[in-house]
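Taking it in order: structure first as structure tokens, then the write-up.
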Amino acid sequence: MSKEAPLSVSERQFILEALRQDARLDGRGPDQFRPLSITFGEEYGHVKLQLGKTSLVVRISAEVTQPRDDRPFDGLFQINLELSAMGSPAWENGRSNDLEAYATHVLDSVVRRSNALDTESLCILKGVSCWSIRADVHVLDFDGNLTDAACIAIMTGLQHFRRPDAVVKDGQVIVYGVEERVPVALNITHKPLSVTFNSYNDGKNIIVDATLKEEQASEGELVIGINNGGDVCFVSKFSGAPVDAMEVVVKSNVALEKVKDINTKMEKAMQADLAKRAKKGMADLSRAENDR
Amino acid sequence: MVGPTASLSTLNRADGSASYKCPATGYDVLGAVNGPIELPARRDALKPEDATVEVFVKPGNTTAGVGERYVEGILRSVLGKVILGRERGFPRRGVVITLAIVGGDAVERGDSYLTILPALLHTSLLALLSAAVPLSMTFSATLLGVTKSGEIMPDLSAADAKTAVSRHVLAFSSKNHLLLNESEGRFDFNTWEQVRERALSICQELTMPGSDGDVAMGDESDGSKVDGFVRETVEDRLRRDYTWKIDS
């Protein structure tokens with residue numbers, strides 16, 4: 001099986017008719033996200049995100065490599081998204097599909113090419129060594145809106161991640177272990193997130209954060225990548241029915257509001273986790289049984 | 001020793017799933033099983049009367065490479081024997097097992113993959129149980145290392161495994177038959193025999209904690225070999241799923 005089970009005719013009719021009456025299957029408003037939960041694993045940059053029933057894990061990792069010849073001052077950053085049969089039985093292991101290519105493209109544009117992570121700060125020694133940051137996305141459960149969920153998780157991971165400290169001494173690169181020196185946070189220039197809109201009934205109904213069923217019933221979609229400051233860094237209308245130009249303007253305002261809201265939630269979850277970590281770290285050091 | 005922790009049916013979309021955390025190595029593995037499902041290509045030509053078992057290991061923060069392919073081969077051969085692929089509804093279908101390493105250090109290229117093998121085996125067994133795929137038996141596996149002085153070490157961490165002279169992964173069925181033996185490094189037959197005995201006692205502990213004073217959990221006197229880590233996890237889950245029935 002390599003196809004998601006299609007929506008039945010009556011289910012589709014039901015969703016469309018409900019939307020005509022401004023109702024959604026789970027009782028949300030058209031501009032409302034599903035409940036978002038962000039938790040962190042043991043290591044830095046390990047994010048578990050749950051958006052309704054869509055859930056995924058993002059792990060950020062860093063290693064020292066050689067920079068590319070044409071960009072000696074830049075570090076490397078790559079996002080790796082591989083869909084496996086874990087997320088949905090329709091996805092085949094080890095074989096890419098349309099959704100994977102699409103999601104990778106959106107994530108690449110919104111997070112990587114908008115320079116959310118300052119790659120120049122990853123340079124250690126010009127042309128010799130730099131950090132290579134890697135974000136791995138594992139989709140555990142797929143229930144629609146993969147790109148937005150992955151985007152939120154990656155951005156959270158990048159802000160939460162701490163890389164080991166590295167210094168250059170006499171032309172030698174020294175990487176300090178996590179125990180030796182306090183690991184440093186990555187340099188984030190801005191916090192863009194993608195917001196996906198789905199349109200129905202000839203563009204009369206446009207909703208955010210569609211579930212899988214709603215995605216299947218959708219006639220077209222619109223993706224807007226925008227940051228906290230209101231700078232639009234990505235707009236895309238890949239396929240499907242046309243959307244009125246005015247709608248794009250209106251919806252980018254909605255997207256801005258959503259992004260601000262999500263970024264606040266993200267910040268809150270992260271601060272709580274970092275505070276917990278700081279407390280734990282201090283507690284370990286200030287134990288009475290330690291050597292003074 | 002802190003025992004491993006696991007929970008069943010954590011995912012919504014997969015037919016069966018399990019998450020498993022090994023305390024010694026720190027690996028956190030998430031397993032999902034889909035089966036029986038139609039396989040897209042005709043991969044059943046070799047054995048039309050049997051189910052095709054597919055295993056996919058997804059490393060946490062690298063792309064899958066040779067190490068993953070190697071360990072997938074081992075898992076496929078063990079699980080292929082355990083899964084009853086000739087049961088009704090299974091022949092010519094596929095059982096797809098996906099294992100994602102979501103926590104713990106990465107297994108670096110060239111490092112031994114044996115350290116994570118027991119965790120992968122346990123996760124896939126629990127996920128198969130959660131998906132209600134018919135199995136001929138349950139099993140448990142363990143990793144042992146032999147130091148330079150010939151001492152056998154249980155609960156190897158990844159760092160310990162690197163310094164060990166030889167590393168062994170052994171799996172035993174619930175009836176104490178040897179299912180899998182993968183060894184690496186230099187060792188002689190006597191050492192292996194000792195390792196086997198030690199592994200057997202550890203695996204028995206895992207499958208039936210009643211036999212050892214340290215981990216006695218249930219009623220020892222009834223002599224049933226039924227408790228154990230795997231069984232406990234499944235029982236816990238069933239108890240939770242059937243509360244409505246048990247209470248009434």
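Chain identifiers are assigned as A, B, and so on, following the order in which chains appear in the structure tokens; residues are numbered from 1 within each chain, and ligands are numbered from 1 in order of appearance.
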
TODO: Write out as an NGL selection string every residue belonging to chain A that has an atom at most 7 Å from any atom of chain B, counting only C-alpha atoms.
DONE: :A and (1-2 or 59 or 61 or 85-89 or 93 or 136 or 140-141)

With N, CA and C atoms kept, could you save the residues just selected as a PDB file, in the first residue's frame?
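Saved the output as again_7.pdb:
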```pdb
ATOM      1  N   MET A   1       0.847  -1.189   0.000  1.00  0.00           N
ATOM      2  CA  MET A   1       0.000   0.000   0.000  1.00  0.00           C
ATOM      3  C   MET A   1       0.880   1.236   0.000  1.00  0.00           C
ATOM      4  N   SER A   2       0.663   2.109  -0.938  1.00  0.00           N
ATOM      5  CA  SER A   2       1.468   3.308  -0.900  1.00  0.00           C
ATOM      6  C   SER A   2       0.613   4.546  -1.101  1.00  0.00           C
ATOM      7  N   ARG A  59      15.706  16.096  16.318  1.00  0.00           N
ATOM      8  CA  ARG A  59      16.990  16.069  17.032  1.00  0.00           C
ATOM      9  C   ARG A  59      17.981  16.925  16.267  1.00  0.00           C
ATOM     10  N   SER A  61      21.930  18.039  15.883  1.00  0.00           N
ATOM     11  CA  SER A  61      23.266  17.578  16.238  1.00  0.00           C
ATOM     12  C   SER A  61      24.296  18.459  15.543  1.00  0.00           C
ATOM     13  N   ALA A  85       7.435   4.391   7.631  1.00  0.00           N
ATOM     14  CA  ALA A  85       6.116   3.772   7.813  1.00  0.00           C
ATOM     15  C   ALA A  85       5.566   3.999   9.219  1.00  0.00           C
ATOM     16  N   MET A  86       6.382   4.591  10.095  1.00  0.00           N
ATOM     17  CA  MET A  86       5.915   4.855  11.448  1.00  0.00           C
ATOM     18  C   MET A  86       4.810   5.922  11.451  1.00  0.00           C
ATOM     19  N   GLY A  87       5.017   6.953  10.657  1.00  0.00           N
ATOM     20  CA  GLY A  87       4.079   8.076  10.655  1.00  0.00           C
ATOM     21  C   GLY A  87       2.743   7.720  10.037  1.00  0.00           C
ATOM     22  N   SER A  88       2.790   6.977   8.975  1.00  0.00           N
ATOM     23  CA  SER A  88       1.569   6.580   8.298  1.00  0.00           C
ATOM     24  C   SER A  88       1.857   5.306   7.505  1.00  0.00           C
ATOM     25  N   PRO A  89       0.957   4.336   7.523  1.00  0.00           N
ATOM     26  CA  PRO A  89       1.215   3.097   6.786  1.00  0.00           C
ATOM     27  C   PRO A  89       1.335   3.333   5.277  1.00  0.00           C
ATOM     28  N   ASN A  93       9.024   2.673   3.615  1.00  0.00           N
ATOM     29  CA  ASN A  93      10.353   2.896   4.179  1.00  0.00           C
ATOM     30  C   ASN A  93      11.409   2.999   3.094  1.00  0.00           C
ATOM     31  N   ASP A 136      17.322  16.538  12.351  1.00  0.00           N
ATOM     32  CA  ASP A 136      16.643  15.331  11.876  1.00  0.00           C
ATOM     33  C   ASP A 136      15.204  15.329  12.352  1.00  0.00           C
ATOM     34  N   LEU A 140       6.351  10.720  13.866  1.00  0.00           N
ATOM     35  CA  LEU A 140       5.850   9.558  14.594  1.00  0.00           C
ATOM     36  C   LEU A 140       4.394   9.281  14.258  1.00  0.00           C
ATOM     37  N   ASP A 141       3.623  10.342  14.124  1.00  0.00           N
ATOM     38  CA  ASP A 141       2.209  10.200  13.812  1.00  0.00           C
ATOM     39  C   ASP A 141       1.846  11.299  12.848  1.00  0.00           C
TER      40      ASP A 141
END
```

Task: Residue contacts of stretch 206-218 of chain A (7 Å, only C-alpha atoms) excluding same-chain residues fewer than 4 positions away, as a VMD selection string - done: chain A and resid 7 12 30 to 33 143 to 145 196 to 200

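Atom CA of A:Pro183 to atom CA of A:Met270 spans 16.4 Å [interatomic distance, one decimal].
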
Excluding same-chain residues fewer than 4 positions from A:Ser236, what lies within 7 Å of it counting only C-alpha atoms, as an mmCIF file with C-alpha atoms, in the first residue's frame?
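The file below, out.cif, is the result:
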```cif
data_model
loop_
_atom_site.group_PDB
_atom_site.id
_atom_site.type_symbol
_atom_site.label_atom_id
_atom_site.label_comp_id
_atom_site.auth_asym_id
_atom_site.auth_seq_id
_atom_site.Cartn_x
_atom_site.Cartn_y
_atom_site.Cartn_z
ATOM 1 C CA LEU A 222 -1.322 28.385 0.467
ATOM 2 C CA VAL A 223 1.843 28.422 2.559
ATOM 3 C CA ILE A 224 3.109 31.611 4.168
#
```

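Note that atom CA of A:Cys151 and atom CA of A:Thr39 are 15.1 Å apart.
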
Open item on the list: as a PyMOL selection string, please: every residue in stretch 51-207 of chain A that DSSP puts in alpha helix (DSSP H).
Closed with: chain A and resi 98-107+146-160
